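Printed here is entry.txt (compact mmCIF, C-alpha atoms):
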# COMPACT_ATOMS: atom_id res chain seq x y z
CA MET F 1 11.91 -21.62 9.47
CA GLU F 2 8.87 -20.10 7.93
CA TYR F 3 10.48 -19.20 4.65
CA GLU F 4 11.39 -22.81 4.10
CA ALA F 5 7.82 -23.84 4.75
CA ALA F 6 6.78 -21.07 2.38
CA VAL F 7 8.25 -22.73 -0.67
CA LYS F 8 8.64 -26.31 0.48
CA GLY F 9 5.01 -27.32 0.54
CA PRO F 10 3.77 -30.89 0.80
CA LEU F 11 5.65 -33.12 -1.62
CA LYS F 12 3.42 -32.49 -4.60
CA LEU F 13 4.32 -31.80 -8.17
CA LYS F 14 3.17 -28.49 -9.54
CA GLY F 15 0.20 -29.82 -11.46
CA THR F 16 -1.37 -31.91 -8.71
CA ALA F 17 -3.10 -29.11 -6.82
CA ASN F 18 -4.76 -27.99 -10.01
CA LYS F 19 -5.93 -31.55 -10.63
CA ASP F 20 -7.62 -31.65 -7.22
CA ILE F 21 -9.42 -28.44 -7.98
CA GLN F 22 -10.33 -29.64 -11.47
CA LYS F 23 -11.89 -32.72 -9.84
CA LYS F 24 -13.88 -30.56 -7.43
CA LEU F 25 -15.08 -28.28 -10.20
CA LYS F 26 -16.12 -31.29 -12.31
CA LYS F 27 -18.14 -32.64 -9.38
CA LYS F 28 -19.76 -29.25 -8.93
CA ASN F 29 -20.61 -29.01 -12.61
CA LYS F 30 -22.16 -32.49 -12.53
CA GLU F 31 -24.37 -31.41 -9.66
CA LYS F 32 -25.21 -28.22 -11.50
CA ASN F 33 -26.16 -30.03 -14.71
CA ALA F 34 -28.24 -32.56 -12.82
CA ALA F 35 -30.10 -29.74 -11.09
CA SER F 36 -30.77 -27.86 -14.31
CA LEU F 37 -32.31 -30.94 -16.00
CA LYS F 38 -34.90 -31.42 -13.29
CA VAL F 39 -36.78 -28.16 -13.70
CA ASP F 40 -39.46 -28.90 -11.13
CA GLN F 41 -36.82 -29.63 -8.51
CA LEU F 42 -35.16 -26.22 -8.99
CA ALA F 43 -37.73 -24.62 -6.74
CA ASP F 44 -36.83 -27.04 -3.96
CA ILE F 45 -33.16 -26.11 -4.03
CA LYS F 46 -32.46 -23.36 -1.50
CA GLU F 47 -30.89 -20.12 -2.62
CA SER F 48 -27.77 -20.76 -0.54
CA GLU F 49 -27.21 -24.10 -2.24
CA LEU F 50 -27.67 -22.53 -5.66
CA LYS F 51 -24.98 -19.98 -4.89
CA GLU F 52 -22.58 -22.67 -3.76
CA ILE F 53 -22.82 -24.66 -6.95
CA SER F 54 -22.31 -21.62 -9.20
CA ASP F 55 -18.94 -20.24 -10.16
CA PRO F 56 -17.51 -17.59 -7.78
CA LEU F 57 -15.63 -16.02 -10.67
CA LYS F 58 -18.87 -14.79 -12.19
CA PHE F 59 -19.67 -12.53 -9.24
CA PRO F 60 -17.92 -9.13 -9.12
CA ASP F 61 -17.39 -9.37 -5.35
CA TYR F 62 -18.19 -12.94 -4.28
CA PHE F 63 -16.36 -12.67 -0.95
CA GLY F 64 -17.53 -9.18 -0.02
CA VAL F 65 -14.06 -7.63 0.18
CA ARG F 66 -15.47 -4.17 -0.45
CA LYS F 67 -16.96 -4.19 3.03
CA LEU F 68 -13.56 -4.68 4.63
CA PHE F 69 -12.51 -1.03 4.51
CA ARG F 70 -13.66 2.52 3.83
CA ILE F 71 -11.59 5.40 2.49
CA LYS F 72 -11.64 6.99 5.93
CA ASP F 73 -9.81 3.92 7.30
CA LEU F 74 -7.10 4.48 4.69
CA PHE F 75 -6.86 8.13 5.68
CA ASP F 76 -6.64 7.38 9.41
CA ALA F 77 -3.87 4.86 8.79
CA ARG F 78 -1.94 7.60 6.92
CA ILE F 79 -1.86 5.68 3.66
CA HIS F 80 -2.07 8.86 1.60
CA TYR F 81 1.38 10.08 2.64
CA GLY F 82 4.09 9.63 0.04
CA HIS F 83 7.72 10.64 0.14
CA LYS F 84 9.04 13.93 -1.15
CA ASP F 85 9.02 15.32 -4.70
CA GLY F 86 12.64 14.48 -5.40
CA THR F 87 12.30 10.73 -4.81
CA LEU F 88 9.21 10.31 -7.00
CA ASP F 89 9.36 7.40 -9.43
CA PRO F 90 7.91 8.66 -12.75
CA ASN F 91 5.73 5.55 -13.05
CA MET F 92 3.87 6.54 -9.89
CA LYS F 93 2.67 9.88 -11.27
CA PRO F 94 -0.85 8.72 -12.22
CA TYR F 95 -1.54 7.74 -8.60
CA ILE F 96 -0.45 11.00 -6.96
CA PHE F 97 -3.16 13.47 -6.00
CA GLY F 98 -0.76 16.37 -5.58
CA SER F 99 2.19 17.75 -3.71
CA ARG F 100 1.68 19.58 -0.42
CA LEU F 101 4.75 21.73 0.07
CA GLY F 102 6.98 19.02 -1.38
CA HIS F 103 5.25 16.07 0.28
CA LEU F 104 3.44 13.83 -2.18
CA ILE F 105 -0.13 12.80 -1.42
CA PHE F 106 -1.72 9.70 -2.96
CA ASP F 107 -5.14 9.78 -4.59
CA LEU F 108 -7.08 7.58 -2.17
CA ASP F 109 -9.90 7.00 -4.65
CA LYS F 110 -7.49 5.22 -6.97
CA THR F 111 -5.81 3.44 -4.06
CA ALA F 112 -9.16 2.19 -2.80
CA GLU F 113 -10.13 0.82 -6.20
CA MET F 114 -6.81 -0.99 -6.66
CA LEU F 115 -6.91 -2.30 -3.09
CA GLN F 116 -10.37 -3.78 -3.73
CA ASP F 117 -9.08 -5.54 -6.85
CA ALA F 118 -6.11 -6.92 -4.97
CA LEU F 119 -8.20 -8.13 -2.02
CA ASN F 120 -10.68 -9.78 -4.38
CA PHE F 121 -7.84 -11.58 -6.18
CA THR F 122 -6.38 -12.71 -2.84
CA ALA F 123 -9.72 -14.09 -1.69
CA HIS F 124 -10.17 -16.06 -4.92
CA ILE F 125 -6.68 -17.52 -4.70
CA ALA F 126 -7.29 -18.53 -1.08
CA TYR F 127 -10.62 -20.06 -2.10
CA ARG F 128 -8.85 -22.19 -4.70
CA GLY F 129 -6.33 -23.49 -2.19
CA GLY F 130 -3.41 -21.40 -3.33
CA ILE F 131 -0.31 -20.84 -1.22
CA ILE F 132 0.09 -17.17 -0.34
CA LEU F 133 3.42 -15.69 0.71
CA PHE F 134 3.69 -12.38 2.54
CA VAL F 135 7.01 -10.71 1.77
CA SER F 136 8.56 -7.70 3.45
CA HIS F 137 12.12 -6.73 4.15
CA CYS F 138 11.50 -3.81 6.48
CA PRO F 139 12.78 -4.93 9.90
CA GLN F 140 10.32 -2.62 11.63
CA HIS F 141 7.35 -4.56 10.26
CA THR F 142 8.61 -8.12 10.50
CA LEU F 143 6.43 -9.01 13.48
CA THR F 144 3.29 -7.46 12.00
CA VAL F 145 3.71 -9.33 8.71
CA GLU F 146 4.54 -12.68 10.29
CA ASN F 147 1.60 -12.46 12.70
CA ALA F 148 -0.80 -11.63 9.88
CA ALA F 149 0.43 -14.64 7.91
CA LYS F 150 0.06 -16.92 10.93
CA GLN F 151 -3.48 -15.70 11.58
CA ALA F 152 -4.38 -16.21 7.93
CA GLY F 153 -2.89 -19.71 7.96
CA GLU F 154 -0.48 -18.77 5.20
CA TYR F 155 3.24 -18.08 4.93
CA ALA F 156 5.58 -15.13 5.38
CA HIS F 157 9.12 -14.24 4.44
CA ALA F 158 10.01 -11.10 6.34
CA ARG F 159 13.76 -11.57 6.56
CA GLU F 160 16.66 -11.12 4.20
CA TRP F 161 15.73 -12.62 0.88
CA ASP F 162 17.84 -15.60 -0.15
CA PHE F 163 18.64 -15.46 -3.82
CA HIS F 164 17.55 -18.50 -5.84
CA ILE F 165 14.73 -19.53 -3.51
CA PHE F 166 12.28 -19.02 -6.35
CA THR F 167 14.50 -19.45 -9.37
CA ASN F 168 16.52 -22.43 -8.15
CA SER F 169 14.31 -23.76 -5.38
CA GLU F 170 14.90 -27.44 -6.02
CA LYS F 171 18.64 -27.06 -5.51
CA VAL F 172 18.28 -24.81 -2.46
CA TYR F 173 15.83 -27.10 -0.65
CA ASN F 174 17.11 -30.39 -2.02
CA GLY F 175 13.79 -31.66 -3.23
CA VAL F 176 10.66 -31.07 -5.22
CA THR F 177 9.13 -27.77 -4.17
CA ARG F 178 5.84 -26.05 -4.72
CA LEU F 179 6.20 -22.33 -5.17
CA PRO F 180 3.59 -19.89 -3.84
CA ASP F 181 0.61 -19.09 -6.02
CA LEU F 182 0.52 -15.47 -4.88
CA VAL F 183 3.11 -13.17 -3.38
CA ILE F 184 1.93 -10.18 -1.31
CA LEU F 185 4.63 -7.56 -0.88
CA LEU F 186 4.13 -5.16 2.00
CA SER F 187 7.02 -3.13 0.66
CA THR F 188 8.60 -3.46 -2.76
CA LEU F 189 11.91 -2.00 -1.61
CA ASN F 190 14.62 -3.59 0.49
CA PRO F 191 16.52 -1.64 3.17
CA GLN F 192 19.04 -0.60 0.49
CA MET F 193 16.24 1.26 -1.30
CA GLN F 194 16.48 -1.07 -4.29
CA GLU F 195 13.69 -3.12 -5.79
CA HIS F 196 13.09 -6.27 -3.75
CA THR F 197 14.33 -9.40 -5.54
CA ALA F 198 10.97 -11.08 -5.02
CA VAL F 199 9.34 -8.68 -7.49
CA LYS F 200 11.55 -9.76 -10.36
CA ASP F 201 11.72 -13.40 -9.33
CA ALA F 202 7.97 -13.80 -8.99
CA ALA F 203 7.53 -12.25 -12.44
CA LYS F 204 10.11 -14.70 -13.77
CA MET F 205 8.41 -17.72 -12.23
CA CYS F 206 4.95 -16.58 -13.44
CA ILE F 207 3.68 -15.97 -9.91
CA PRO F 208 1.21 -13.07 -9.60
CA THR F 209 2.22 -10.35 -7.15
CA ILE F 210 0.28 -7.86 -5.11
CA GLY F 211 2.47 -5.04 -3.86
CA ILE F 212 2.19 -1.86 -1.85
CA VAL F 213 4.06 0.67 -3.98
CA ASP F 214 5.21 3.87 -2.35
CA SER F 215 6.02 7.00 -4.31
CA ASN F 216 9.66 5.92 -4.69
CA SER F 217 8.86 2.41 -6.00
CA ASN F 218 8.36 1.10 -9.55
CA PRO F 219 4.96 -0.58 -10.02
CA ASN F 220 5.59 -1.91 -13.53
CA LEU F 221 6.44 -5.53 -12.71
CA ILE F 222 3.75 -5.96 -10.08
CA THR F 223 0.53 -7.61 -11.21
CA TYR F 224 -1.80 -5.77 -8.81
CA PRO F 225 0.01 -2.73 -7.44
CA ILE F 226 -1.54 -0.74 -4.60
CA PRO F 227 -0.21 2.83 -4.44
CA GLY F 228 0.15 3.91 -0.83
CA ASN F 229 2.39 4.50 2.14
CA ASP F 230 4.48 1.47 3.04
CA ASP F 231 6.51 3.02 5.85
CA SER F 232 4.12 3.91 8.67
CA PRO F 233 3.48 1.04 11.11
CA ALA F 234 -0.21 2.00 11.15
CA ALA F 235 -0.40 1.65 7.38
CA VAL F 236 1.35 -1.73 7.35
CA GLN F 237 -0.91 -2.96 10.16
CA LEU F 238 -3.97 -1.98 8.13
CA TYR F 239 -2.74 -3.74 4.98
CA CYS F 240 -1.87 -6.88 6.96
CA ASN F 241 -5.31 -6.92 8.57
CA LEU F 242 -7.06 -6.45 5.22
CA PHE F 243 -5.12 -9.20 3.47
CA ARG F 244 -5.56 -11.55 6.39
CA ASP F 245 -9.33 -10.90 6.40
CA ALA F 246 -9.55 -11.39 2.64
CA ILE F 247 -7.72 -14.73 2.89
CA LEU F 248 -9.96 -15.89 5.74
CA LEU F 249 -13.05 -14.86 3.77
CA GLY F 250 -11.82 -16.84 0.80
CA LYS F 251 -11.13 -19.87 2.95
CA SER F 252 -14.45 -19.66 4.77
CA LYS F 253 -16.27 -20.27 1.52
CA LYS F 254 -13.96 -23.10 0.57
CA PRO F 255 -15.95 -26.11 -0.68
CA VAL F 256 -15.90 -29.09 1.64
CA GLU F 257 -13.43 -31.66 0.34
CA VAL F 258 -15.14 -34.88 -0.66
CA TYR F 259 -12.92 -37.86 -1.43
CA MET X 1 6.85 -28.81 -17.94
CA ALA X 2 7.66 -25.65 -19.82
CA SER X 3 7.89 -22.24 -18.27
CA SER X 4 8.91 -18.79 -19.36
CA ARG X 5 11.20 -16.70 -17.20
CA LEU X 6 11.33 -13.61 -19.39
CA GLU X 7 9.93 -11.05 -16.97
CA ARG X 8 10.62 -8.13 -19.31
CA ILE X 9 8.53 -9.51 -22.17
CA GLY X 10 4.80 -9.07 -21.84
CA ASN X 11 3.47 -10.08 -18.45
CA ILE X 12 2.84 -13.35 -16.62
CA TYR X 13 -0.60 -13.73 -18.17
CA SER X 14 0.54 -13.25 -21.76
CA ARG X 15 3.41 -15.68 -21.29
CA VAL X 16 1.31 -18.44 -19.70
CA ARG X 17 -1.39 -17.92 -22.32
CA GLY X 18 1.26 -18.34 -25.01
CA LEU X 19 2.54 -21.54 -23.42
CA LEU X 20 -0.98 -22.96 -23.18
CA ARG X 21 -1.87 -22.06 -26.77
CA SER X 22 1.31 -23.53 -28.19
CA GLY X 23 0.82 -26.70 -26.21
CA ALA X 24 4.04 -26.35 -24.23
CA MET X 25 1.97 -26.27 -21.04
CA LYS X 26 -0.82 -28.79 -20.67
CA PRO X 27 -4.30 -27.58 -19.68
CA GLU X 28 -4.18 -29.60 -16.44
CA ASP X 29 -0.98 -27.76 -15.48
CA LYS X 30 -2.69 -24.39 -15.81
CA PRO X 31 -1.77 -22.25 -12.79
CA ILE X 32 -4.37 -21.60 -10.10
CA TRP X 33 -4.34 -17.86 -10.72
CA TYR X 34 -4.90 -18.05 -14.50
CA GLU X 35 -8.70 -18.15 -14.45
CA VAL X 36 -8.89 -15.62 -11.64
CA TYR X 37 -6.68 -13.23 -13.64
CA GLU X 38 -8.90 -13.72 -16.72
CA ALA X 39 -12.02 -12.95 -14.68
CA PHE X 40 -10.48 -9.99 -12.84
CA PRO X 41 -7.62 -8.51 -14.84
CA PRO X 42 -5.70 -5.61 -13.28
CA LYS X 43 -6.78 -2.11 -14.30
CA VAL X 44 -3.31 -1.40 -15.69
CA GLU X 45 -1.54 -4.30 -17.36
CA PRO X 46 1.85 -4.93 -15.81
CA GLN X 47 4.62 -4.26 -18.29
CA TYR X 48 8.32 -3.91 -17.55
CA GLY X 49 9.23 -1.16 -19.97
CA ARG X 50 6.04 0.87 -19.82
CA LYS X 51 6.87 4.54 -20.33
CA ALA X 52 5.87 6.86 -17.55
CA SER X 53 3.01 9.16 -18.45
CA GLU X 54 3.73 12.86 -18.72
CA ILE X 55 1.58 14.12 -15.91
CA THR X 56 2.53 17.20 -13.95
CA ILE X 57 2.11 16.92 -10.21
CA HIS X 58 0.11 19.92 -9.04
CA PRO X 59 0.86 21.58 -5.72
CA ILE X 60 -1.95 21.44 -3.19
CA PHE X 61 -2.95 24.84 -1.87
CA TYR X 62 -6.09 25.99 -0.11
CA PRO X 63 -7.54 29.53 0.14
CA GLU X 64 -6.93 29.36 3.92
CA ASP X 65 -3.18 28.99 3.35
CA ILE X 66 -2.79 32.75 2.91
CA VAL X 67 -4.32 33.33 6.33
CA ARG X 68 -2.17 30.55 7.78
CA ALA X 69 0.98 32.16 6.40
CA LYS X 70 0.06 35.52 7.89
CA PHE X 71 -0.78 33.88 11.21
CA TYR X 72 2.58 32.14 11.50
CA GLU X 73 4.41 35.25 10.47
CA ARG X 74 2.69 37.24 13.21
CA PHE X 75 2.44 34.72 16.02
CA GLY X 76 5.06 32.12 15.26
CA SER X 77 4.79 28.45 15.99
CA PRO X 78 3.14 27.33 19.26
CA GLY X 79 5.84 24.70 19.75
CA LEU X 80 4.74 21.10 19.90
CA ILE X 81 1.65 20.06 17.96
CA SER X 82 0.34 16.53 18.23
CA LEU X 83 -0.75 15.51 14.73
CA ALA X 84 -2.50 12.41 16.04
CA ASN X 85 -4.79 14.36 18.34
CA ASN X 86 -7.88 15.54 16.48
CA GLU X 87 -9.79 16.69 19.56
CA TYR X 88 -8.17 19.98 20.43
CA PRO X 89 -7.78 22.57 17.67
CA THR X 90 -4.42 24.28 17.31
CA PRO X 91 -4.18 28.06 17.76
CA CYS X 92 -3.99 28.42 13.98
CA GLN X 93 -7.15 26.39 13.52
CA LYS X 94 -8.99 28.46 16.11
CA PHE X 95 -7.83 31.57 14.32
CA LEU X 96 -9.14 30.28 11.02
CA ASP X 97 -12.52 29.41 12.52
CA ARG X 98 -12.83 32.93 13.93
CA TYR X 99 -11.67 34.37 10.62
CA LYS X 100 -14.47 32.57 8.80
CA GLU X 101 -17.03 33.78 11.33
CA MET X 102 -15.98 37.42 11.00
CA GLU X 103 -15.46 37.33 7.23
CA LYS X 104 -18.83 38.81 6.38
CA GLY X 105 -18.25 42.06 8.21
CA PHE X 106 -15.12 43.10 6.31
CA SER X 107 -14.23 43.65 2.67
CA ASP X 108 -10.49 44.17 3.05
CA GLU X 109 -8.43 41.09 3.92
CA ASN X 110 -5.82 42.96 5.94
CA GLU X 111 -8.42 44.75 8.02
CA LEU X 112 -10.16 41.47 8.70
CA PHE X 113 -6.89 39.86 9.73
CA GLU X 114 -6.05 42.68 12.13
CA ALA X 115 -9.52 42.57 13.62
CA VAL X 116 -9.40 38.83 14.21
CA ALA X 117 -5.88 39.10 15.63
CA LYS X 118 -7.03 41.74 18.07
CA VAL X 119 -9.98 39.67 19.21
CA MET X 120 -7.89 36.54 19.66
CA GLU X 121 -5.13 38.38 21.51
CA GLU X 122 -7.65 39.80 23.93
CA GLU X 123 -8.98 36.32 24.55
CA LYS X 124 -5.38 35.12 24.85
CA SER X 125 -6.15 32.21 22.52
CA VAL X 126 -3.00 32.87 20.53
CA PRO X 127 0.63 33.12 21.64
CA GLU X 128 2.09 36.57 22.01
CA SER X 129 2.72 38.32 18.78
CA VAL X 130 6.26 37.76 17.55
CA SER X 131 6.60 41.20 15.98
CA SER X 132 5.58 42.94 19.19
CA ASN X 133 8.60 41.48 21.02
CA GLN X 134 12.21 42.64 20.75
CA PRO X 135 14.09 41.64 17.62
CA ASP X 136 16.25 39.29 19.70
CA ASN X 137 13.34 36.92 20.21
CA GLY X 138 12.59 36.65 16.50
CA THR X 139 12.36 33.10 15.18
CA SER X 140 13.68 33.79 11.71
CA MET X 141 17.21 32.74 10.78
CA ALA X 142 18.24 36.28 9.94
CA SER X 143 17.11 37.73 13.25
CA MET X 144 18.65 34.85 15.20
CA PHE X 145 21.97 35.36 13.41
CA SER X 146 22.02 39.08 13.99
CA SER X 147 21.17 38.60 17.65
CA ALA X 148 23.94 36.00 17.99
CA VAL X 149 26.46 38.35 16.42
CA SER X 150 25.50 41.16 18.72
CA LYS X 151 25.62 38.91 21.76
CA SER X 152 28.89 37.18 20.96
CA GLN X 153 31.90 38.32 22.97
CA PRO X 154 35.22 39.02 21.34
CA GLN X 155 37.36 35.88 21.35
CA PRO X 156 40.45 36.03 23.58
CA LYS X 157 43.70 36.09 21.65
CA ILE X 158 45.56 32.88 22.24
CA ASN X 159 49.32 32.84 21.91
CA VAL X 160 50.32 29.26 21.23
CA GLY X 161 53.88 29.91 22.26
CA ASP X 162 52.76 31.05 25.68
CA LEU X 163 50.61 27.97 26.06
CA LEU X 164 53.52 25.71 25.35
CA THR X 165 55.99 27.48 27.61
CA GLU X 166 53.65 27.83 30.55
CA LYS X 167 53.07 24.60 32.40

Take the structure in the file and write it out as structure tokens.
Amino acid sequence: MEYEAAVKGPLKLKGTANKDIQKKLKKKNKEKNAASLKVDQLADIKESELKEISDPLKFPDYFGVRKLFRIKDLFDARIHYGHKDGTLDPNMKPYIFGSRLGHLIFDLDKTAEMLQDALNFTAHIAYRGGIILFVSHCPQHTLTVENAAKQAGEYAHAREWDFHIFTNSEKVYNGVTRLPDLVILLSTLNPQMQEHTAVKDAAKMCIPTIGIVDSNSNPNLITYPIPGNDDSPAAVQLYCNLFRDAILLGKSKKPVEVY
Amino acid sequence: MASSRLERIGNIYSRVRGLLRSGAMKPEDKPIWYEVYEAFPPKVEPQYGRKASEITIHPIFYPEDIVRAKFYERFGSPGLISLANNEYPTPCQKFLDRYKEMEKGFSDENELFEAVAKVMEEEKSVPESVSSNQPDNGTSMASMFSSAVSKSQPQPKINVGDLLTEK
């Protein structure tokens, strides 16, 4: 089952993955320092090589996630549609453009900005070899979410959430587990219209979350909330495509592993 | 290895930073996302008990809405409208386009509306005017109710005793 694979990674202790990356970064820094000492050889190094040995975190958009979408794409996918006035969560007020005869409309400028931040974060996590878990409990969108995760080479949990799979994972899976490094929520509500357990549990386990928050959801616990419609299939398809593309972009620039 | 599960206190970054500073978490155990979060922090820091801002949600209205309201009052709804189809304009949209074209010639809104209505009716681009038909065909609740009352036949008196005796 995919949700088992989601948390039960290769039998590694939590710190090991970081150690691998630390080793890679040390190697890169050695190369960088060696290059900087030999001034006359700098000219020989190609621009592409220079970029590879510098730190992706220093670029505002290293993976080019801004090119993945335009505001018109958000509009066509009906991301600006919220629910009605009565179901508005007060914490969502800053992201609402206005109310058209009772129907709330999201401010797509703000949504676009927050979506760019989220996609950038996703790409960086994928670049660093993080495990990404797509979570959704809407039965309508299960297939979309699972396909996107498969295409991205990451994991999905689009079924009923088992309690304790984050907070008590080692008992549930009978072994050492590696929890995801990023949780992407395509909907922060479960079918009972309550906050999805993954939101609270990821916050408990210090896992950053990216979540699509509709007008009836609470964005406070989510690290990178994205205000927008989470109910239309077209909207969910767009989000899945964007996150999948961001992950693939991050992985495409992954440094070649040298042992 | 230490961890902090208090989701309502601070946020994940502040808690992990605290663990690292105090030495409870070793630098090699630093999570993958820590440096990425430091480089690209979210615009609004996640906080459980953050108070909602006191912003009033404004209704969205356009100047054309007045014309739209008059149009629907006069002509009623055309029935099915496909919201996904952007190619063909709805009767209301066509009306609005013509309204804008003819706006310069008139100073009074009502006169302009009547003029445009006349033109569109002649071209048969709009459905038949609702007000020109009999009151029975009105689409409002009140008119439908009154027409139902007038149409309804008096209910036959049922004698339960008769029903039971007759077989």

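Among the candidates F:Pro208, F:Pro56, F:Gly228, F:Gly98, the one nearest to Leu182 (chain F) when counting only C-alpha atoms is F:Pro208.
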
Using all atoms listed in the file, which chain F residues lie at most 7 Å away from chain X, written as a PyMOL selection string? chain F and resi 15+18-19+57+90-91+93-94+98-101+121+124-125+130+181+200+203-206+220-224

With a distance cut-off of 8 Å and only C-alpha atoms, select the neighbouring residues of Met92 (chain F), excluding the residue or stretch itself and same-chain residues fewer than 6 positions from it, and output the selection as a ChimeraX atom specification. /F:215-219,227 /X:52

Give as JSON, numbers by chain each residue that has an atom at most 9 Å from (-4.8, 25.5, 18.6) in the file, counting all atoms listed in the file. {"X": [78, 81, 88, 89, 90, 91, 92, 93, 94, 95, 125, 126]}

Point-to-point distance from CA of Phe75 (chain F) to CA of Pro225 (chain F), Å rounded to tenths: 18.4 Å

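Between CA of Glu123 (chain X) and CA of Phe106 (chain X) there is a distance of 20.4 Å.
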
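Taking CA of Gly79 (chain X) and CA of Asp97 (chain X) as the two end points, the separation is 20.3 Å.
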
Around all listed atoms of region 49-63 of chain X, padded 8 Å per side, what centre and edge lengths does the axis-aligned box have in Å to one decimal, as JSON?
{"center_x": 0.8, "center_y": 14.2, "center_z": -10.1, "size_x": 32.8, "size_y": 46.7, "size_z": 36.5}
